[in-house]
$ cat model_4.txt   # compact mmCIF, C-alpha atoms
# COMPACT_ATOMS: atom_id res chain seq x y z
CA MET A 1463 110.36 -94.96 262.10
CA LYS A 1464 113.33 -97.17 262.94
CA ASN A 1465 114.46 -97.20 259.31
CA ASN A 1466 114.24 -93.42 259.18
CA ASN A 1467 116.41 -93.13 262.29
CA ILE A 1468 118.94 -95.52 260.77
CA ALA A 1469 118.99 -93.48 257.55
CA ILE A 1470 119.53 -90.25 259.48
CA SER A 1471 122.32 -91.85 261.52
CA ILE A 1472 124.07 -93.06 258.37
CA GLU A 1473 123.79 -89.61 256.78
CA GLN A 1474 125.32 -88.07 259.89
CA GLN A 1475 128.19 -90.54 259.72
CA PHE A 1476 128.66 -89.81 256.02
CA GLY A 1477 128.72 -86.12 256.87
CA GLU A 1478 131.43 -86.72 259.46
CA ILE A 1479 133.52 -88.51 256.82
CA ILE A 1480 133.13 -85.54 254.47
CA ASP A 1481 134.27 -83.26 257.30
CA ILE A 1482 137.37 -85.44 257.78
CA ILE A 1483 138.14 -85.30 254.04
CA LEU A 1484 137.72 -81.53 253.89
CA GLN A 1485 139.85 -81.02 257.00
CA HIS A 1486 142.74 -83.03 255.57
CA LYS A 1487 142.32 -81.32 252.21
CA THR A 1488 142.63 -77.99 253.97
CA ASN A 1489 145.67 -79.22 255.89
CA ALA A 1490 147.28 -80.40 252.64
CA SER A 1491 146.66 -77.04 250.95
CA ARG A 1492 148.09 -75.25 253.96
CA ALA A 1493 151.20 -77.46 253.89
CA VAL A 1494 151.72 -76.88 250.16
CA ASN A 1495 151.34 -73.13 250.64
CA GLU A 1496 153.84 -73.13 253.48
CA GLU A 1497 156.42 -74.97 251.36
CA LEU A 1498 155.92 -72.55 248.46
CA LEU A 1499 156.45 -69.62 250.82
CA LEU A 1500 159.56 -71.17 252.37
CA THR A 1501 160.96 -71.91 248.92
CA ALA A 1502 160.47 -68.29 247.85
CA TRP A 1503 161.92 -67.13 251.18
CA HIS A 1504 165.08 -69.22 250.91
CA VAL A 1505 165.65 -68.57 247.21
CA GLY A 1506 164.96 -64.86 247.69
CA GLY A 1507 167.27 -64.71 250.68
CA TYR A 1508 170.08 -66.51 248.87
CA VAL A 1509 169.89 -64.28 245.79
CA SER A 1510 169.46 -61.16 247.93
CA ALA A 1511 172.66 -61.92 249.82
CA LYS A 1512 174.57 -62.41 246.54
CA LEU A 1513 173.25 -59.15 245.10
CA LYS A 1514 173.97 -57.14 248.26
CA SER A 1515 177.53 -58.44 248.43
CA GLU A 1516 177.90 -57.41 244.76
CA GLU A 1517 178.99 -60.95 244.03
CA TRP A 1518 176.11 -61.10 241.55
CA GLY A 1519 174.64 -58.56 239.16
CA SER A 1520 171.36 -58.52 237.25
CA LYS A 1521 172.92 -60.51 234.41
CA VAL A 1522 173.68 -63.36 236.80
CA VAL A 1523 170.00 -63.47 237.84
CA THR A 1524 169.05 -63.74 234.16
CA GLN A 1525 171.59 -66.53 233.75
CA LEU A 1526 170.15 -68.28 236.80
CA SER A 1527 166.66 -68.18 235.32
CA GLU A 1528 167.91 -69.54 232.00
CA TYR A 1529 169.94 -72.24 233.77
CA ILE A 1530 166.92 -73.49 235.72
CA ARG A 1531 164.81 -73.52 232.56
CA SER A 1532 167.42 -75.45 230.56
CA GLN A 1533 168.53 -77.89 233.24
CA ARG A 1534 165.16 -78.52 234.85
CA PRO A 1535 162.34 -77.61 232.43
CA ASP A 1536 159.91 -79.32 234.82
CA ILE A 1537 160.54 -76.58 237.43
CA LYS A 1538 158.22 -73.71 236.62
CA GLY A 1539 157.90 -70.18 238.00
CA TYR A 1540 161.52 -69.02 238.01
CA SER A 1541 161.65 -66.31 235.39
CA LYS A 1542 163.92 -63.33 236.06
CA ARG A 1543 160.92 -61.34 237.25
CA SER A 1544 159.76 -64.14 239.56
CA ILE A 1545 163.20 -64.44 241.12
CA TYR A 1546 163.33 -60.69 241.78
CA ASN A 1547 159.85 -60.98 243.32
CA MET A 1548 161.26 -63.58 245.69
CA VAL A 1549 164.10 -61.24 246.57
CA MET A 1550 161.53 -58.53 247.31
CA PHE A 1551 159.50 -61.04 249.34
CA TYR A 1552 162.55 -61.77 251.48
CA ASP A 1553 163.94 -58.24 251.74
CA VAL A 1554 160.70 -56.51 252.76
CA TYR A 1555 159.37 -59.14 255.12
CA SER A 1556 162.72 -59.79 256.81
CA SER A 1557 163.28 -56.08 257.43
CA GLU A 1558 163.41 -54.83 260.99
CA THR A 1559 160.68 -52.29 260.25
CA PHE A 1560 158.20 -54.97 259.13
CA ILE A 1561 159.02 -57.19 262.12
CA ALA A 1562 158.56 -54.17 264.39
CA THR A 1563 155.20 -53.46 262.78
CA ILE A 1564 154.00 -57.02 263.47
CA ARG A 1565 155.06 -56.73 267.09
CA GLN A 1566 153.48 -53.31 267.47
CA TYR A 1567 150.03 -54.36 266.29
CA LEU A 1568 149.86 -58.08 267.04
CA ASN A 1569 151.99 -58.09 270.21
CA THR A 1570 152.87 -61.79 269.98
CA GLU A 1571 155.84 -63.81 271.18
CA PHE A 1572 157.80 -66.36 269.19
CA VAL A 1573 159.28 -69.80 269.72
CA GLN A 1574 161.60 -71.47 267.20
CA PRO A 1575 164.34 -73.79 268.37
CA LYS A 1576 165.97 -74.36 264.97
CA THR A 1577 167.23 -71.45 262.88
CA ALA A 1578 166.75 -70.79 259.20
CA GLN A 1579 169.29 -68.01 258.85
CA ILE A 1580 170.60 -67.42 255.34
CA GLU A 1581 174.20 -66.38 254.92
CA ALA A 1582 175.83 -65.10 251.74
CA SER A 1583 178.80 -67.44 252.11
CA ASP A 1584 176.78 -70.59 252.87
CA HIS A 1585 173.55 -71.51 251.10
CA LYS A 1586 172.89 -74.62 253.21
CA GLN A 1587 170.03 -73.84 255.59
CA GLU A 1588 168.49 -75.96 258.26
CA VAL A 1589 164.80 -76.72 257.76
CA PRO A 1590 162.95 -74.59 260.31
CA VAL A 1591 160.85 -76.33 262.92
CA ILE A 1592 158.12 -74.12 264.32
CA VAL A 1593 156.90 -74.78 267.84
CA GLN A 1594 153.69 -72.87 268.41
CA PRO A 1595 152.18 -72.49 271.87
CA LYS A 1596 148.50 -71.77 272.59
CA THR A 1597 148.97 -68.09 271.79
CA ALA A 1598 149.25 -67.42 268.06
CA GLN A 1599 152.89 -67.06 267.04
CA PHE A 1600 153.56 -64.75 264.15
CA VAL A 1601 157.14 -63.52 264.53
CA GLN A 1602 160.44 -65.38 264.66
CA PRO A 1603 163.26 -63.74 266.62
CA THR A 1604 166.08 -63.46 264.11
CA VAL A 1605 166.11 -61.32 260.99
CA GLY A 1606 166.29 -63.78 258.09
CA GLN A 1607 163.69 -66.19 259.43
CA MET A 1608 160.26 -66.19 257.85
CA PRO A 1609 157.60 -64.56 260.06
CA LYS A 1610 154.83 -67.03 260.83
CA ILE A 1611 152.21 -64.48 259.79
CA LEU A 1612 153.18 -64.89 256.12
CA GLU A 1613 151.55 -68.32 256.13
CA LEU A 1614 148.15 -66.65 256.41
CA THR A 1615 147.91 -66.10 252.65
CA THR A 1616 149.44 -67.26 249.38
CA LEU A 1617 152.67 -66.26 247.69
CA THR A 1618 150.68 -64.84 244.77
CA ASN A 1619 148.78 -62.59 247.17
CA HIS A 1620 151.99 -61.56 248.91
CA ILE A 1621 153.57 -60.43 245.65
CA GLU A 1622 150.44 -58.37 244.91
CA ILE A 1623 150.61 -56.80 248.37
CA LEU A 1624 154.33 -56.08 248.10
CA CYS A 1625 154.04 -54.50 244.66
CA ARG A 1626 151.05 -52.29 245.41
CA CYS A 1627 151.17 -51.34 249.10
CA LYS A 1628 153.34 -48.46 250.26
CA SER A 1629 153.62 -48.99 254.02
CA ASP A 1630 154.24 -51.89 256.39
CA GLU A 1631 150.93 -51.12 258.13
CA GLU A 1632 149.08 -51.43 254.84
CA ARG A 1633 150.87 -54.68 254.00
CA LEU A 1634 150.02 -56.11 257.42
CA PHE A 1635 146.38 -55.16 256.98
CA TYR A 1636 146.01 -56.88 253.61
CA ILE A 1637 147.73 -60.06 254.83
CA LEU A 1638 145.18 -60.29 257.65
CA TYR A 1639 142.27 -59.20 255.45
CA ALA A 1640 143.11 -61.68 252.68
CA ASN A 1641 143.12 -64.42 255.29
CA LYS A 1642 139.90 -63.27 256.95
CA GLU A 1643 137.97 -62.98 253.66
CA HIS A 1644 139.72 -65.92 251.91
CA LEU A 1645 140.67 -63.68 249.01
CA VAL A 1646 142.11 -64.98 245.75
CA LYS A 1647 144.42 -62.79 243.68
CA ARG A 1648 141.74 -61.07 241.59
CA GLU A 1649 139.64 -60.27 244.65
CA LEU A 1650 142.67 -58.93 246.49
CA GLN A 1651 143.58 -56.74 243.51
CA ARG A 1652 140.15 -55.14 243.62
CA CYS A 1653 140.34 -54.59 247.38
CA ILE A 1654 143.69 -52.81 247.04
CA SER A 1655 142.51 -50.76 244.04
CA ASN A 1656 139.40 -49.70 245.95
CA GLN A 1657 141.35 -48.74 249.06
CA THR A 1658 139.73 -51.21 251.42
CA TYR A 1659 142.48 -50.27 253.89
CA THR A 1660 141.19 -46.70 254.18
CA GLY A 1661 137.53 -47.58 253.67
CA LEU A 1662 137.45 -50.17 256.44
CA LEU A 1663 139.71 -48.49 258.96
CA GLY A 1664 138.45 -44.95 258.56
CA ASN A 1665 136.61 -42.44 260.74
CA LYS A 1666 133.66 -44.11 262.49
CA ASP A 1667 131.58 -41.00 263.21
CA ASN A 1668 129.26 -42.50 260.60
CA MET A 1669 128.18 -45.24 263.05
CA SER A 1670 125.41 -44.85 265.60
CA LYS A 1671 125.87 -45.39 269.32
CA GLY A 1672 123.48 -48.28 269.00
CA LEU A 1673 125.67 -50.01 266.42
CA LEU A 1674 128.88 -49.46 268.38
CA GLU A 1675 127.33 -50.68 271.64
CA THR A 1676 125.53 -53.68 270.16
CA TYR A 1677 128.40 -54.67 267.87
CA PRO A 1678 131.73 -53.41 269.34
CA ASN A 1679 133.69 -54.91 266.43
CA ALA A 1680 131.61 -53.09 263.81
CA PRO A 1681 134.31 -50.43 263.13
CA VAL A 1682 136.62 -53.07 261.68
CA MET A 1683 133.89 -55.06 259.93
CA PHE A 1684 131.98 -52.41 257.94
CA LYS A 1685 133.45 -50.05 255.37
CA ASP A 1686 132.50 -46.39 255.33
CA THR A 1687 133.28 -46.17 251.60
CA LEU A 1688 132.11 -48.61 248.93
CA PHE A 1689 133.11 -48.63 245.27
CA VAL A 1690 130.58 -49.39 242.57
CA ASP A 1691 132.73 -48.60 239.55
CA PHE A 1692 131.71 -51.96 238.05
CA LEU A 1693 128.23 -50.49 237.45
CA ASN A 1694 129.45 -47.72 235.09
CA LEU A 1695 126.79 -45.42 236.54
CA PRO A 1696 126.32 -41.99 234.94
CA LYS A 1697 126.71 -38.97 237.21
CA LYS A 1698 122.92 -38.61 237.34
CA HIS A 1699 121.18 -41.90 238.03
CA SER A 1700 118.07 -43.16 239.77
CA GLU A 1701 117.91 -45.31 242.88
CA THR A 1702 116.23 -47.98 240.77
CA LYS A 1703 119.16 -48.04 238.33
CA LEU A 1704 121.58 -48.26 241.24
CA ARG A 1705 119.64 -51.09 242.87
CA ASN A 1706 119.23 -53.05 239.63
CA GLY A 1707 122.93 -52.65 238.87
CA LEU A 1708 123.91 -53.96 242.30
CA ILE A 1709 121.58 -56.93 241.89
CA GLU A 1710 123.07 -57.71 238.48
CA HIS A 1711 126.61 -57.48 239.86
CA MET A 1712 125.91 -58.93 243.29
CA LYS A 1713 129.15 -60.94 243.41
CA GLN A 1714 131.26 -57.79 243.05
CA PHE A 1715 129.06 -55.93 245.52
CA ILE A 1716 129.37 -58.71 248.12
CA LEU A 1717 133.16 -58.46 247.78
CA GLU A 1718 132.88 -54.74 248.49
CA LEU A 1719 130.71 -55.35 251.54
CA GLY A 1720 132.63 -58.37 252.82
CA LYS A 1721 132.22 -62.09 252.23
CA ASP A 1722 130.22 -62.63 255.42
CA PHE A 1723 127.24 -60.97 253.74
CA ILE A 1724 124.57 -63.24 252.23
CA PHE A 1725 122.09 -61.61 249.86
CA MET A 1726 118.45 -62.39 250.71
CA ASP A 1727 116.18 -60.16 248.63
CA GLN A 1728 115.59 -56.84 246.90
CA GLU A 1729 112.69 -54.52 247.72
CA TYR A 1730 111.93 -56.72 250.72
CA ARG A 1731 108.27 -56.25 251.65
CA LEU A 1732 107.46 -55.15 255.19
CA ASN A 1733 103.74 -55.29 255.96
CA ILE A 1734 103.00 -52.94 258.84
CA GLY A 1735 99.40 -52.27 259.76
CA ALA A 1736 97.49 -51.58 256.57
CA SER A 1737 100.61 -50.35 254.77
CA THR A 1738 103.42 -52.03 252.86
CA PHE A 1739 106.99 -50.75 252.81
CA LYS A 1740 110.00 -52.02 250.88
CA ALA A 1741 113.59 -52.25 252.07
CA ASP A 1742 115.88 -51.78 249.06
CA LEU A 1743 118.31 -54.65 249.77
CA LEU A 1744 118.25 -57.23 252.56
CA PHE A 1745 121.30 -59.27 253.59
CA PHE A 1746 122.25 -61.63 256.41
CA HIS A 1747 125.65 -61.30 258.06
CA ARG A 1748 126.98 -64.73 259.04
CA GLY A 1749 129.60 -63.48 261.47
CA LEU A 1750 127.21 -61.22 263.39
CA GLN A 1751 124.16 -63.47 262.90
CA ALA A 1752 122.04 -60.46 262.02
CA LEU A 1753 119.86 -59.14 259.22
CA VAL A 1754 121.32 -56.13 257.39
CA ALA A 1755 119.07 -53.73 255.51
CA VAL A 1756 120.73 -51.47 252.93
CA GLU A 1757 118.85 -48.35 251.83
CA LEU A 1758 120.05 -46.76 248.59
CA LYS A 1759 120.04 -43.00 248.06
CA LYS A 1760 120.93 -41.13 244.88
CA THR A 1761 121.38 -37.82 246.71
CA LYS A 1762 123.35 -36.46 249.65
CA PHE A 1763 122.49 -37.94 253.07
CA HIS A 1764 119.62 -36.22 254.88
CA PRO A 1765 118.69 -36.88 258.54
CA ARG A 1766 115.18 -37.93 257.52
CA ASP A 1767 116.75 -40.93 255.76
CA LEU A 1768 117.81 -42.24 259.16
CA GLY A 1769 114.24 -42.18 260.49
CA GLN A 1770 113.05 -44.29 257.57
CA LEU A 1771 115.83 -46.83 258.09
CA GLU A 1772 115.18 -47.09 261.85
CA PHE A 1773 111.51 -47.73 261.07
CA TYR A 1774 112.51 -50.63 258.79
CA LEU A 1775 114.83 -52.07 261.46
CA GLU A 1776 112.02 -52.03 264.02
CA ALA A 1777 109.82 -53.95 261.57
CA LEU A 1778 112.57 -56.46 260.83
CA ASP A 1779 113.24 -57.08 264.52
CA ARG A 1780 109.56 -57.51 265.36
CA ASP A 1781 108.36 -59.52 262.37
CA VAL A 1782 111.33 -61.08 260.53
CA LYS A 1783 114.24 -61.66 262.92
CA ARG A 1784 114.43 -65.13 264.45
CA SER A 1785 114.87 -65.69 268.17
CA ASN A 1786 118.46 -66.91 267.78
CA GLU A 1787 119.51 -63.88 265.71
CA ASN A 1788 120.90 -60.54 266.87
CA PRO A 1789 119.33 -57.09 266.36
CA SER A 1790 119.05 -56.01 262.72
CA ILE A 1791 121.57 -53.55 261.27
CA GLY A 1792 120.86 -50.74 258.82
CA ILE A 1793 123.16 -49.14 256.26
CA ILE A 1794 122.36 -46.02 254.23
CA LEU A 1795 124.39 -46.04 251.01
CA CYS A 1796 124.59 -42.59 249.44
CA PRO A 1797 126.94 -40.72 247.07
CA GLU A 1798 127.76 -38.00 249.59
CA ALA A 1799 127.39 -37.23 253.29
CA ASP A 1800 128.27 -34.10 255.26
CA ARG A 1801 130.38 -35.43 258.13
CA VAL A 1802 129.03 -32.89 260.62
CA VAL A 1803 125.43 -33.70 259.71
CA VAL A 1804 126.21 -37.42 259.99
CA GLU A 1805 127.79 -36.93 263.42
CA TYR A 1806 124.73 -35.04 264.67
CA ALA A 1807 122.37 -37.66 263.25
CA MET A 1808 124.32 -40.57 264.73
CA SER A 1809 125.00 -39.10 268.18
CA ARG A 1810 121.59 -39.99 269.68
CA SER A 1811 120.59 -42.89 267.47
CA MET A 1812 120.36 -46.10 269.51
CA SER A 1813 119.47 -48.23 266.50
CA PRO A 1814 122.39 -50.19 264.93
CA THR A 1815 122.83 -47.95 261.88
CA MET A 1816 125.59 -46.43 259.79
CA ILE A 1817 126.12 -44.22 256.74
CA ALA A 1818 128.34 -45.38 253.87
CA GLU A 1819 129.36 -43.46 250.76
CA TYR A 1820 130.33 -44.64 247.36
CA LYS A 1821 133.20 -42.27 246.69
CA ARG A 1822 136.91 -42.07 247.64
CA ILE A 1823 137.97 -40.59 250.97
CA LEU A 1824 141.54 -40.19 252.17
CA ILE A 1825 142.11 -40.99 255.85
CA PRO A 1826 144.83 -39.37 258.04
CA GLN A 1827 147.69 -41.79 258.67
CA GLU A 1828 147.60 -41.48 262.48
CA ARG A 1829 143.93 -42.45 262.53
CA MET A 1830 144.65 -45.34 260.23
CA GLN A 1831 147.26 -46.67 262.69
CA GLN A 1832 144.77 -46.55 265.54
CA GLN A 1833 142.14 -48.41 263.51
CA LEU A 1834 144.69 -50.96 262.30
CA ASN A 1835 145.46 -51.74 265.93
CA GLU A 1836 141.76 -52.44 266.54
CA PHE A 1837 141.59 -54.65 263.45
CA CYS A 1838 144.62 -56.68 264.61
CA ASN A 1839 143.09 -57.12 268.06
CA LEU A 1840 139.93 -58.44 266.43
CA PHE A 1841 142.00 -60.85 264.34
CA LEU A 1842 143.88 -62.18 267.37
CA ASN A 1843 140.66 -62.65 269.35
CA LYS A 1844 138.58 -64.13 266.52
CA ASP A 1845 138.51 -67.56 268.15

$ encode --input "model_4.txt" --output "C-alpha cells"
Amino acid sequence: MKNNNIAISIEQQFGEIIDIILQHKTNASRAVNEELLLTAWHVGGYVSAKLKSEEWGSKVVTQLSEYIRSQRPDIKGYSKRSIYNMVMFYDVYSSETFIATIRQYLNTEFVQPKTAQIEASDHKQEVPVIVQPKTAQFVQPTVGQMPKILELTTLTNHIEILCRCKSDEERLFYILYANKEHLVKRELQRCISNQTYTGLLGNKDNMSKGLLETYPNAPVMFKDTLFVDFLNLPKKHSETKLRNGLIEHMKQFILELGKDFIFMDQEYRLNIGASTFKADLLFFHRGLQALVAVELKKTKFHPRDLGQLEFYLEALDRDVKRSNENPSIGIILCPEADRVVVEYAMSRSMSPTMIAEYKRILIPQERMQQQLNEFCNLFLNKD
C-alpha cells in the first residue's frame, strides 16, 4: 500500500511538472504572437504614413519588398501583398470607429504609460509597455497604438477577418470567437463562410424558457443555424443518411456546434420501462457540464417533435446524468422551422430545448448589435 501511495505521489508531481512546461510553452507562444502583431502594426503604420503623405506610391512598396528579399533573404513574409496586409491591419484597427466599437461593447479602460505612436516623419518608435490592472484592458488611448484586444488571436486570423468581414462589429465578434474556440485559420475561414456571426447571435425565439432560465448564456453559446454543406446531401434525404454523414464528418460538425461539444454516441439507447428508445446523437458540453441530445429531422419542425425530445431529456436526467452534472439540453436539428410555430412551441416549454436549422438566415443588423453586446459581456465575465 505504501509503495502504491508513493507511486501516486510521484505521478502527481510529474503531472505538476508537465503543467509547468505547458504553461511556459503557452506563455512563449503568446509572447511570439504578440511580437508578430507588433511588428505588423509598426511596419503597417510606417508604410501607411508614407502612402498617405504621398511620399510613397505602390511602386515603392514593391521596391521595399524586393529590397528586403535581396538584402535579408532570411526574413520571410514581406511580399508586396503581405506588406499591404500590414497596412490594412494598422489602418482598420487604429481607426476611431474600431476603437469606438471596442469601447461600446467591451466597456474597458486602458493604461499605457509609454507611447507607441507612429509618425510619418520619424520611424523610431518606443517599445510599448503595457500595464494591465485586474480588469481586462483592451484599448489604448491614442490612435496609432495597438489595441490590446488584437493579442487575442493570430496575425493570420486577423488578416482573414479583415479581408472577409464588412463591419467593425463583425470583426470584433470573430476576434473574440477565434480566441474562445481556439480557431486556426482554416477553422476560422469556415466559420466566416458559414456566417457564424449571424447564426450565433440571431433571434432566440427558438429557445425554450427552460433553456434560457437554466442556462442564461445559452443565446451566445448555441447557434440557431448550422451548415452541413460538407455532407453534400441531396435535396431529399433520410434522417439515417443525415446522421451517418454527421458521424463520418464529426470533426466538421463539432466545429459547427462549437469546440466545447464532445461526441459520446449515436442512436443512444434509453431503456424506459419495457421499451427502448434511441436518441440520434448524444454529446457532452464541457463548458456547461451537461449532456446534449440532438434529434435529427428531415422535414419541417412540428410541435410533436418537441414532446419526443423532452421525453428523452427526462430519461437522460433520471438515468444517465451524473450528480455533478447540470440538466440535459435538447436540440432539434431540422431543415426548416416556421418561426411563429417555434415561438408557440417554446413559450411554455420548461425543458432546456431549442430548435436549430441547417439553412442560411439573414439577421437584422440592430438585433445583431444587441446580441453582440451580450456575447462581449459573456467574454468579459468568462473568468

$ closest_residue --input "model_4.txt" --among "A:Ile1482, A:Val1802, A:Leu1834, A:Leu1614" --to "Thr1660 in chain A" --atoms "all atoms listed in the file"
A:Leu1834

$ atom_distance --input "model_4.txt" --atom1 "CA of Arg1626 in chain A" --atom2 "CA of Ile1654 in chain A"
7.6 Å

$ atom_distance --input "model_4.txt" --atom1 "CA of Phe1746 in chain A" --atom2 "CA of Ile1724 in chain A"
5.0 Å

$ closest_residue --input "model_4.txt" --among "A:Glu1478, A:Glu1558, A:Glu1836, A:Glu1517" --to "Ala1680 in chain A" --atoms "all atoms listed in the file"
A:Glu1836

$ closest_residue --input "model_4.txt" --among "A:Phe1841, A:Leu1743, A:Ala1777, A:Leu1499" --to "Ala1640 in chain A" --atoms "only C-alpha atoms"
A:Phe1841

$ residues_around --input "model_4.txt" --residues "range 1684-1690 of chain A" --least-positions-apart "6" --cutoff "10 Å" --atoms "only C-alpha atoms" --output "PyMOL selection string"
chain A and resi 1652-1653+1655-1669+1704+1707-1708+1711+1714-1715+1717-1720+1793+1795-1797+1816-1823

$ write_last_selection --input "model_4.txt" --atoms "C-alpha atoms" --output "PDB file, in the frame of the given file"
ATOM      1  CA  ARG A1652     140.150 -55.140 243.620  1.00  0.00           C
ATOM      2  CA  CYS A1653     140.340 -54.590 247.380  1.00  0.00           C
ATOM      3  CA  SER A1655     142.510 -50.760 244.040  1.00  0.00           C
ATOM      4  CA  ASN A1656     139.400 -49.700 245.950  1.00  0.00           C
ATOM      5  CA  GLN A1657     141.350 -48.740 249.060  1.00  0.00           C
ATOM      6  CA  THR A1658     139.730 -51.210 251.420  1.00  0.00           C
ATOM      7  CA  TYR A1659     142.480 -50.270 253.890  1.00  0.00           C
ATOM      8  CA  THR A1660     141.190 -46.700 254.180  1.00  0.00           C
ATOM      9  CA  GLY A1661     137.530 -47.580 253.670  1.00  0.00           C
ATOM     10  CA  LEU A1662     137.450 -50.170 256.440  1.00  0.00           C
ATOM     11  CA  LEU A1663     139.710 -48.490 258.960  1.00  0.00           C
ATOM     12  CA  GLY A1664     138.450 -44.950 258.560  1.00  0.00           C
ATOM     13  CA  ASN A1665     136.610 -42.440 260.740  1.00  0.00           C
ATOM     14  CA  LYS A1666     133.660 -44.110 262.490  1.00  0.00           C
ATOM     15  CA  ASP A1667     131.580 -41.000 263.210  1.00  0.00           C
ATOM     16  CA  ASN A1668     129.260 -42.500 260.600  1.00  0.00           C
ATOM     17  CA  MET A1669     128.180 -45.240 263.050  1.00  0.00           C
ATOM     18  CA  LEU A1704     121.580 -48.260 241.240  1.00  0.00           C
ATOM     19  CA  GLY A1707     122.930 -52.650 238.870  1.00  0.00           C
ATOM     20  CA  LEU A1708     123.910 -53.960 242.300  1.00  0.00           C
ATOM     21  CA  HIS A1711     126.610 -57.480 239.860  1.00  0.00           C
ATOM     22  CA  GLN A1714     131.260 -57.790 243.050  1.00  0.00           C
ATOM     23  CA  PHE A1715     129.060 -55.930 245.520  1.00  0.00           C
ATOM     24  CA  LEU A1717     133.160 -58.460 247.780  1.00  0.00           C
ATOM     25  CA  GLU A1718     132.880 -54.740 248.490  1.00  0.00           C
ATOM     26  CA  LEU A1719     130.710 -55.350 251.540  1.00  0.00           C
ATOM     27  CA  GLY A1720     132.630 -58.370 252.820  1.00  0.00           C
ATOM     28  CA  ILE A1793     123.160 -49.140 256.260  1.00  0.00           C
ATOM     29  CA  LEU A1795     124.390 -46.040 251.010  1.00  0.00           C
ATOM     30  CA  CYS A1796     124.590 -42.590 249.440  1.00  0.00           C
ATOM     31  CA  PRO A1797     126.940 -40.720 247.070  1.00  0.00           C
ATOM     32  CA  MET A1816     125.590 -46.430 259.790  1.00  0.00           C
ATOM     33  CA  ILE A1817     126.120 -44.220 256.740  1.00  0.00           C
ATOM     34  CA  ALA A1818     128.340 -45.380 253.870  1.00  0.00           C
ATOM     35  CA  GLU A1819     129.360 -43.460 250.760  1.00  0.00           C
ATOM     36  CA  TYR A1820     130.330 -44.640 247.360  1.00  0.00           C
ATOM     37  CA  LYS A1821     133.200 -42.270 246.690  1.00  0.00           C
ATOM     38  CA  ARG A1822     136.910 -42.070 247.640  1.00  0.00           C
ATOM     39  CA  ILE A1823     137.970 -40.590 250.970  1.00  0.00           C
TER      40      ILE A1823
END

$ atom_distance --input "model_4.txt" --atom1 "CA of Val1509 in chain A" --atom2 "CA of Thr1618 in chain A"
19.2 Å

$ closest_residue --input "model_4.txt" --among "A:Leu1645, A:Leu1617, A:Leu1840, A:Leu1775" --to "Leu1500 in chain A" --atoms "all atoms listed in the file"
A:Leu1617

$ residues_around --input "model_4.txt" --residues "Thr1702 in chain A" --least-positions-apart "6" --cutoff "10 Å" --atoms "all atoms listed in the file" --output "VMD selection string"
chain A and resid 1708 1742 1758 to 1760

$ closest_residue --input "model_4.txt" --among "A:Asn1788, A:Ser1556, A:Ser1813, A:Ser1510" --to "Arg1748 in chain A" --atoms "only C-alpha atoms"
A:Asn1788

$ closest_residue --input "model_4.txt" --among "A:Leu1650, A:Ile1472, A:Leu1693, A:Ala1493" --to "Glu1613 in chain A" --atoms "only C-alpha atoms"
A:Ala1493

$ residues_near_point --input "model_4.txt" --point "(138.4, -60.5, 269.5)" --cutoff "12 Å" --atoms "only C-alpha atoms" --output "PyMOL selection string"
chain A and resi 1568+1677-1680+1682-1683+1835-1845

$ write_last_selection --input "model_4.txt" --atoms "C-alpha atoms" --output "mmCIF file, keeping the file's coordinate frame"
data_model
loop_
_atom_site.group_PDB
_atom_site.id
_atom_site.type_symbol
_atom_site.label_atom_id
_atom_site.label_comp_id
_atom_site.auth_asym_id
_atom_site.auth_seq_id
_atom_site.Cartn_x
_atom_site.Cartn_y
_atom_site.Cartn_z
ATOM 1 C CA LEU A 1568 149.860 -58.080 267.040
ATOM 2 C CA TYR A 1677 128.400 -54.670 267.870
ATOM 3 C CA PRO A 1678 131.730 -53.410 269.340
ATOM 4 C CA ASN A 1679 133.690 -54.910 266.430
ATOM 5 C CA ALA A 1680 131.610 -53.090 263.810
ATOM 6 C CA VAL A 1682 136.620 -53.070 261.680
ATOM 7 C CA MET A 1683 133.890 -55.060 259.930
ATOM 8 C CA ASN A 1835 145.460 -51.740 265.930
ATOM 9 C CA GLU A 1836 141.760 -52.440 266.540
ATOM 10 C CA PHE A 1837 141.590 -54.650 263.450
ATOM 11 C CA CYS A 1838 144.620 -56.680 264.610
ATOM 12 C CA ASN A 1839 143.090 -57.120 268.060
ATOM 13 C CA LEU A 1840 139.930 -58.440 266.430
ATOM 14 C CA PHE A 1841 142.000 -60.850 264.340
ATOM 15 C CA LEU A 1842 143.880 -62.180 267.370
ATOM 16 C CA ASN A 1843 140.660 -62.650 269.350
ATOM 17 C CA LYS A 1844 138.580 -64.130 266.520
ATOM 18 C CA ASP A 1845 138.510 -67.560 268.150
#

$ closest_atom_pairs --input "model_4.txt" --of "range 1745-1831 of chain A" --to "range 1730-1733 of chain A" --cutoff "10 Å" --atoms "only C-alpha atoms" --output "CSV"
residue,atom,partner,partner_atom,distance
A:Ala1755,CA,A:Tyr1730,CA,9.1
A:Tyr1774,CA,A:Leu1732,CA,7.7
A:Ala1777,CA,A:Leu1732,CA,6.9
A:Leu1778,CA,A:Leu1732,CA,7.7
A:Asp1781,CA,A:Leu1732,CA,8.5
A:Val1782,CA,A:Leu1732,CA,8.9
